Amino acid sequence: MSIYPRNILRLCLIVLIQVLILDNITLRWWAEPNNFPIFVPMVYPLFLLLLPFETTVPVLLILGFISGIIVDTFMNTAGIHAFAAVFIAYLRTNVLTALLPKNLSEYPNQSPSVKNMGWMPFLVYSSFLILIHHTLFFALELWSLENIGYLSLKIVASTATSLVFVIIYLLLFTRQVSVRNNN
């Protein structure tokens, strides 16, 4: 399958998972203020994280806005998802450049993945950008630093649960590399 239809299909699948399943999950440790759930898993940023290496920053920004505004439409969040998605789309190329041993142009027709990067670099890459995304999203959503402990707990807990769902997604929807014995 060509790269464009594959990414459009991936966006649709991830948004459906986000809107139909994850937005209906409320995981709580205790009764918290304002009845906000502590754990809010968000996997739609994974769409931006899995785009090909050679995707330019302007295209990333447009796709970040589109994916964020789609989720905003379903979740009625007035552009907060779009802002957070555009911001991580802007940072994505710099984070990849810092993590990868080669220049991004040396990965033609490839996407960031466990297969191309290895588990640890991919988890560092995805956890950093998801942490930034969640920090922006929840800071704008709550719009107050009055209860910084609650905000910090919500960011960390949501990032951790989102990463668990990202790993589950990767295990379910990516091809695993098979190691052949050459004996």
# chains A, B, ... in the order shown; residues from 1 in each chain; ligands from 1
call {"tool": "residues_around", "arguments": {"residues": "Ile8 in chain A", "least_positions_apart": "4", "cutoff": "12 Å", "atoms": "only C-alpha atoms", "output": "NGL selection string"}}
result
:A and (1-4 or 12-15 or 47-48 or 50-51 or 63 or 66-67)
call {"tool": "closest_residue", "arguments": {"among": "A:Tyr150, A:Phe138, A:Phe83, A:Trp119", "to": "Leu171 in chain A", "atoms": "only C-alpha atoms"}}
result
A:Trp119
call {"tool": "atom_distance", "arguments": {"atom1": "CA of Phe173 in chain A", "atom2": "CA of Met117 in chain A"}}
result
16.7 Å
call {"tool": "residues_around", "arguments": {"residues": "Asn94 in chain A", "least_positions_apart": "4", "cutoff": "12 Å", "atoms": "only C-alpha atoms", "output": "list in words"}}
result
Phe53, Thr56, Val57, Ile88, Ala89, Tyr90, Ala98, Leu99, Leu100, Asn103, Leu104, Tyr125, Phe128 and Leu129 of chain A
call {"tool": "write_last_selection", "arguments": {"atoms": "N, CA and C atoms", "output": "PDB file, in the first residue's frame"}}
result
ATOM      1  N   PHE A  53      10.045   9.910   7.859  1.00  0.00           N
ATOM      2  CA  PHE A  53      11.143  10.795   8.253  1.00  0.00           C
ATOM      3  C   PHE A  53      11.228  12.032   7.366  1.00  0.00           C
ATOM      4  N   THR A  56       8.117  17.081   5.648  1.00  0.00           N
ATOM      5  CA  THR A  56       8.627  18.421   5.960  1.00  0.00           C
ATOM      6  C   THR A  56       7.841  19.046   7.108  1.00  0.00           C
ATOM      7  N   VAL A  57       8.442  20.020   7.751  1.00  0.00           N
ATOM      8  CA  VAL A  57       7.811  20.688   8.890  1.00  0.00           C
ATOM      9  C   VAL A  57       6.490  21.356   8.501  1.00  0.00           C
ATOM     10  N   ILE A  88       3.713  19.697  18.904  1.00  0.00           N
ATOM     11  CA  ILE A  88       4.598  18.522  18.835  1.00  0.00           C
ATOM     12  C   ILE A  88       4.997  18.226  17.397  1.00  0.00           C
ATOM     13  N   ALA A  89       4.145  18.590  16.421  1.00  0.00           N
ATOM     14  CA  ALA A  89       4.529  18.440  15.016  1.00  0.00           C
ATOM     15  C   ALA A  89       5.729  19.337  14.705  1.00  0.00           C
ATOM     16  N   TYR A  90       5.745  20.521  15.303  1.00  0.00           N
ATOM     17  CA  TYR A  90       6.856  21.444  15.120  1.00  0.00           C
ATOM     18  C   TYR A  90       8.152  20.897  15.728  1.00  0.00           C
ATOM     19  N   ALA A  98      17.964  14.724  17.040  1.00  0.00           N
ATOM     20  CA  ALA A  98      18.769  14.547  18.247  1.00  0.00           C
ATOM     21  C   ALA A  98      18.937  13.074  18.618  1.00  0.00           C
ATOM     22  N   LEU A  99      17.951  12.248  18.317  1.00  0.00           N
ATOM     23  CA  LEU A  99      17.993  10.847  18.742  1.00  0.00           C
ATOM     24  C   LEU A  99      18.660   9.894  17.754  1.00  0.00           C
ATOM     25  N   LEU A 100      18.579  10.204  16.478  1.00  0.00           N
ATOM     26  CA  LEU A 100      19.063   9.263  15.471  1.00  0.00           C
ATOM     27  C   LEU A 100      20.540   9.494  15.154  1.00  0.00           C
ATOM     28  N   ASN A 103      21.625  11.344   9.616  1.00  0.00           N
ATOM     29  CA  ASN A 103      20.764  12.436   9.178  1.00  0.00           C
ATOM     30  C   ASN A 103      19.426  11.855   8.713  1.00  0.00           C
ATOM     31  N   LEU A 104      18.338  12.596   8.881  1.00  0.00           N
ATOM     32  CA  LEU A 104      17.013  12.105   8.507  1.00  0.00           C
ATOM     33  C   LEU A 104      16.902  11.787   7.022  1.00  0.00           C
ATOM     34  N   TYR A 125      11.660   8.921  22.216  1.00  0.00           N
ATOM     35  CA  TYR A 125      11.071   9.854  21.238  1.00  0.00           C
ATOM     36  C   TYR A 125       9.577  10.042  21.486  1.00  0.00           C
ATOM     37  N   PHE A 128       8.743  11.581  25.110  1.00  0.00           N
ATOM     38  CA  PHE A 128       9.053  13.013  25.215  1.00  0.00           C
ATOM     39  C   PHE A 128       7.980  13.859  24.532  1.00  0.00           C
ATOM     40  N   LEU A 129       7.625  13.488  23.293  1.00  0.00           N
ATOM     41  CA  LEU A 129       6.634  14.280  22.573  1.00  0.00           C
ATOM     42  C   LEU A 129       5.230  14.141  23.174  1.00  0.00           C
TER      43      LEU A 129
END
